[in-house]
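Participant: Starting off with a structure, shown below.
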Amino acid sequence: MPPETTTVATDPNWLATLTWVWLALALPIAACLCFVNAPYGRHNPGTWRRMIRARTAWLIMESPAVLLPAGAFVWARGWESPVLGGFLAIWLLHYVHRAWIYPFRLAKTSSPMPVLLMLMGLLFNLINGSLHGTWLFVHPGVIGTDWLGDWRFATGAVVFGIGFVINLDSCNRLLRLRREKPGEYSVPCGGMFRWVSCPNYLGEITEWIGWALLTWSPAGLAFAAWTMANLVPRARAHHRWYHAQFPDYPAKRKALLPGLF
Ligand SMILES: NC(=O)c1ccc[n+]([C@@H]2O[C@H](COP(=O)([O-])OP(=O)(O)OC[C@H]3O[C@@H](n4cnc5c(N)ncnc54)[C@H](OP(=O)(O)O)[C@@H]3O)[C@@H](O)[C@H]2O)c1
C-alpha cells in the first residue's frame with residue numbers, strides 16, 4: 001500500500017455498481033417507512049409471534065458492524081496507514097458502544113423485538129459492514145496522511161463528534177427513563193429533548209453525515225442515506241405518538257430538527 005498517495009483508483013466496477021444500487025434502495029425503503037412503522041418498541045402492534053429480548057437482538061444484529069470492518073482492516077494491514085487507523089478508530093467509537101455496550105445498558109424491561117426485524121437488522125449490518133470494510137480498507141480511496149489535513153476530514157470529524165455526543169446523551173436520558181418507569185413511557189426532558197422529540201435520531205443522522213464527509217466514500221454516503229431513510233420517518237412517527245399519548249406534550253418541540261421539522 002503506497003503510504004503517501006492520497007487517491008488510488010483500485011475500486012472495481014462491481015463494487016461501485018453494488019454500492020450505488022444499495023444507496024438507491026434507501027429511497028423506496030424511506031417511502032415504505034412513511035406508511036409502515038418498523039414494528040419494534042412503541043410501534044410494535046403486538047401481533048408478531050416470535051419475539052426476542054431487546055438486549056440479545058441488539059447484540060446479534062449489531063455485532064457484524066464491529067467485526068466485518070475490523071476484520072477487513074486487519075486483513076488489509078490497515079495499521080500501515082494512519083488515515084485508515086483513524087477511520088477504524090472513529091467507526092469503532094460508535095459501534096463498540098452500539099453493539100457491545102448499549103445492549104447491556106438496555107433495561108431488562110425494554111420492549112422485546114420481533115425476530116424477523118432482528119434478522120433484517122442483521123442483514124443490513126452484514127451488507128453495510130462489508131461495504132465499509134471493502135471501500136475503506138481493501139480498496140481504499142484515501143490513505144495518504146495529507147488526508148488528515150483536508151477540510152473534508154476535519155469538517156466531517158467535527159460533525160461526527162457533535163452527532164456522537166448528541167446521540168449518546170439522548171440515549172442515556174431515554175435509558176434512564178426506561179429504568180425509572182419499567183413498562184411505561186414518559187415525556188423525555190433535558191438536553192436536546194428541549195427542542196426535538198428524537199435527538200438520539202438527530203445525533204445518529206449527524207454522525208453518519210459527518211462520516212460520509214470524513215471518509216469521502218460511497219459506502220459512507222450510502223450509510224448516511226440509509227440512516228435518514230430509517231430514522232426520519234421513525235422520528236415523525238415517535239413525535240405523533242407523543243402528541244397522541246400526552247395532551248400536554250410541549251407544543252414547540254419539533255420531531256427531529258429544532259424549529260423546523
Ligand atoms: N443507523 C440506523 O439506521 C439506526 C436505526 C435504528 C436505530 N438506530 C439507533 O439505535 C438507537 C436505539 O434506537 P431505537 O429506535 O430503539 O430508539 P428509541 O425508540 O428511542 O428507544 C431507545 C430506548 O429508550 C426507551 N425509550 C424511548 N423513549 C422512551 C420514553 N419516552 N419513555 C421511556 N423509555 C423510552 C426504549 O424503550 P422501549 O424499547 O420499551 O420502547 C428503548 O429502550 C438510537 O440511538 C438510534 O439512533 C440507528
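Here, A, B, ... name the chains of the C-alpha cells in the order displayed, residue numbers run from 1 inside each chain, and ligands are numbered from 1 in the same displayed order.
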Output the neighbourhood of ligand 1 as an NGL selection string, that is, all protein and nucleic acid residues with some atom at most 8 Å from the ligand, counting only C-alpha atoms and all ligand atoms.
Facilitator: :A and (40-42 or 54 or 98 or 106-107 or 109-112 or 167-168 or 170-171 or 174-179 or 181-188 or 198 or 200-205 or 208 or 223-224 or 226-231 or 234 or 238 or 242)
Participant: Report the residues of stretch 14-252 of chain A whose backbone DSSP state falls under strand (DSSP E), written as a list in words.
Facilitator: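 Those residues are Met51, Ile52, Met113 and Pro114 of chain A.
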Participant: Suppose you want the space between atom CA of A:Trp147 and atom CA of A:Leu213; what is it in Å?
Facilitator: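 Straight-line distance from atom CA of A:Trp147 to atom CA of A:Leu213 works out to 11.7 Å.
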Participant: Could you check the closest approach to A:Ile209 for each of A:Arg152, A:His97, A:His132, A:Arg50 and tell me which residue wins, using only C-alpha atoms?
Facilitator: A:Arg152
Participant: Just list the residues in stretch 139-251 of chain A DSSP gives helix (DSSP H, G or I) on the backbone, as number ranges by chain.
Facilitator: A: 145-149, 151-180, 191-194, 199-215, 218-245
Participant: Compile the contact shell of stretch 157-162 of chain A as a list in words: residues with an atom at most 7 Å away, counting only C-alpha atoms, same-chain residues fewer than 2 positions apart removed.
Facilitator: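 Residues meeting the cut-off are Phe153, Ala154, Thr155, Phe164, Val165, Ile166, Thr206, Glu207, Trp208, Gly210, Trp211 and Leu214 of chain A.
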Participant: Write to file, as a compact mmCIF listing (two decimals), in the first residue's frame, the residues of the selection just made, with all heavy atoms.
Facilitator:
```
# COMPACT_ATOMS: atom_id res chain seq x y z
N PHE A 153 -12.00 15.95 5.85
CA PHE A 153 -11.75 15.11 7.02
C PHE A 153 -12.01 15.91 8.30
O PHE A 153 -12.71 15.45 9.21
CB PHE A 153 -10.31 14.58 7.03
CG PHE A 153 -10.04 13.69 8.21
CD1 PHE A 153 -10.37 12.35 8.18
CD2 PHE A 153 -9.48 14.21 9.37
CE1 PHE A 153 -10.15 11.53 9.29
CE2 PHE A 153 -9.27 13.40 10.49
CZ PHE A 153 -9.60 12.05 10.44
N ALA A 154 -11.48 17.15 8.34
CA ALA A 154 -11.60 17.96 9.56
C ALA A 154 -13.07 18.29 9.84
O ALA A 154 -13.57 18.09 10.96
CB ALA A 154 -10.79 19.24 9.40
N THR A 155 -13.80 18.75 8.80
CA THR A 155 -15.22 19.12 9.00
C THR A 155 -16.04 17.88 9.37
O THR A 155 -16.87 17.92 10.28
CB THR A 155 -15.79 19.76 7.71
OG1 THR A 155 -14.88 20.74 7.26
CG2 THR A 155 -17.15 20.39 7.95
N PHE A 164 -22.19 12.32 17.68
CA PHE A 164 -21.93 11.26 18.66
C PHE A 164 -22.35 11.70 20.06
O PHE A 164 -23.02 10.96 20.80
CB PHE A 164 -20.45 10.89 18.62
CG PHE A 164 -20.08 9.79 19.58
CD1 PHE A 164 -20.39 8.47 19.29
CD2 PHE A 164 -19.42 10.07 20.77
CE1 PHE A 164 -20.07 7.44 20.18
CE2 PHE A 164 -19.09 9.05 21.66
CZ PHE A 164 -19.41 7.73 21.36
N VAL A 165 -21.98 12.94 20.42
CA VAL A 165 -22.31 13.45 21.77
C VAL A 165 -23.83 13.58 21.93
O VAL A 165 -24.41 13.18 22.95
CB VAL A 165 -21.59 14.80 22.03
CG1 VAL A 165 -22.08 15.45 23.30
CG2 VAL A 165 -20.08 14.59 22.08
N ILE A 166 -24.48 14.12 20.89
CA ILE A 166 -25.95 14.27 20.97
C ILE A 166 -26.61 12.90 21.10
O ILE A 166 -27.52 12.70 21.92
CB ILE A 166 -26.49 15.00 19.71
CG1 ILE A 166 -26.00 16.45 19.67
CG2 ILE A 166 -28.02 14.96 19.67
CD1 ILE A 166 -26.37 17.19 18.39
N THR A 206 -26.61 12.92 12.16
CA THR A 206 -25.48 13.86 12.08
C THR A 206 -24.16 13.10 12.03
O THR A 206 -23.27 13.44 11.25
CB THR A 206 -25.50 14.79 13.32
OG1 THR A 206 -26.80 15.37 13.42
CG2 THR A 206 -24.47 15.88 13.22
N GLU A 207 -24.05 12.06 12.86
CA GLU A 207 -22.82 11.25 12.87
C GLU A 207 -22.49 10.72 11.48
O GLU A 207 -21.37 10.84 11.00
CB GLU A 207 -22.99 10.04 13.79
CG GLU A 207 -22.69 10.28 15.24
CD GLU A 207 -22.87 8.98 16.02
OE1 GLU A 207 -22.04 8.08 15.92
OE2 GLU A 207 -23.89 8.86 16.74
N TRP A 208 -23.49 10.13 10.82
CA TRP A 208 -23.17 9.44 9.57
C TRP A 208 -23.03 10.40 8.40
O TRP A 208 -22.37 10.07 7.41
CB TRP A 208 -24.16 8.29 9.33
CG TRP A 208 -24.05 7.31 10.49
CD1 TRP A 208 -25.03 6.96 11.35
CD2 TRP A 208 -22.85 6.65 10.96
NE1 TRP A 208 -24.54 6.11 12.33
CE2 TRP A 208 -23.21 5.91 12.10
CE3 TRP A 208 -21.53 6.62 10.54
CZ2 TRP A 208 -22.27 5.14 12.82
CZ3 TRP A 208 -20.60 5.86 11.25
CH2 TRP A 208 -20.97 5.13 12.36
N GLY A 210 -21.43 13.25 8.90
CA GLY A 210 -20.03 13.58 9.17
C GLY A 210 -19.10 12.48 8.68
O GLY A 210 -18.06 12.74 8.08
N TRP A 211 -19.51 11.25 8.90
CA TRP A 211 -18.71 10.09 8.47
C TRP A 211 -18.56 10.05 6.95
O TRP A 211 -17.47 9.81 6.42
CB TRP A 211 -19.38 8.82 9.00
CG TRP A 211 -18.79 7.54 8.53
CD1 TRP A 211 -19.30 6.70 7.57
CD2 TRP A 211 -17.57 6.93 8.98
NE1 TRP A 211 -18.49 5.60 7.43
CE2 TRP A 211 -17.41 5.72 8.27
CE3 TRP A 211 -16.60 7.29 9.92
CZ2 TRP A 211 -16.32 4.88 8.46
CZ3 TRP A 211 -15.52 6.45 10.11
CH2 TRP A 211 -15.38 5.26 9.39
N LEU A 214 -16.03 12.70 6.11
CA LEU A 214 -14.65 12.47 6.54
C LEU A 214 -14.00 11.29 5.82
O LEU A 214 -12.78 11.24 5.69
CB LEU A 214 -14.56 12.33 8.06
CG LEU A 214 -14.91 11.04 8.81
CD1 LEU A 214 -13.69 10.16 8.99
CD2 LEU A 214 -15.47 11.37 10.17
```
Participant: Just the residues within 10 Å of stretch 10-27 of chain A, please, counting only C-alpha atoms, with nothing from its chain fewer than 3 positions along; format it as a ChimeraX atom specification.
Facilitator: /A:7,30-33,127-128,131,134-135,138-141,218-230
Participant: To one decimal place, how far is atom CA of A:Ile52 from atom CA of A:Val115 in Å?
Facilitator: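 Computing the Euclidean distance for atom CA of A:Ile52 and atom CA of A:Val115 yields 5.8 Å.
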Participant: In Å, rounded to a single decimal, give me how far atom CA of A:Trp195 is from atom CA of A:Phe261.
Facilitator: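 Computed distance, atom CA of A:Phe261 to atom CA of A:Trp195, equals 10.3 Å.
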Participant: Which of these residues is nearest to A:Pro39, using only C-alpha atoms: A:Ala76, A:Ile143, A:Met120, A:Ala212?
Facilitator: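 Of all the options, A:Met120 lies closest to A:Pro39.
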Participant: Nearest residue to A:Arg236 out of A:Leu93, A:Leu256, A:Pro69, A:Pro250, using only C-alpha atoms?
Facilitator: A:Leu256
Participant: Just checking: using only C-alpha atoms, which residue out of A:Phe87, A:Glu80, A:Ala38, A:Ala57 ends up closest to A:Met113?
Facilitator: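 The shortest atom-to-atom distance to A:Met113 comes from A:Ala57.
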Participant: Considering only C-alpha atoms, state which residue in the set A:His43, A:Lys252, A:Arg77, A:Arg240 is at the smallest distance from A:Leu136.
Facilitator: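 Using only C-alpha atoms, the shortest distance to A:Leu136 belongs to A:Arg77.
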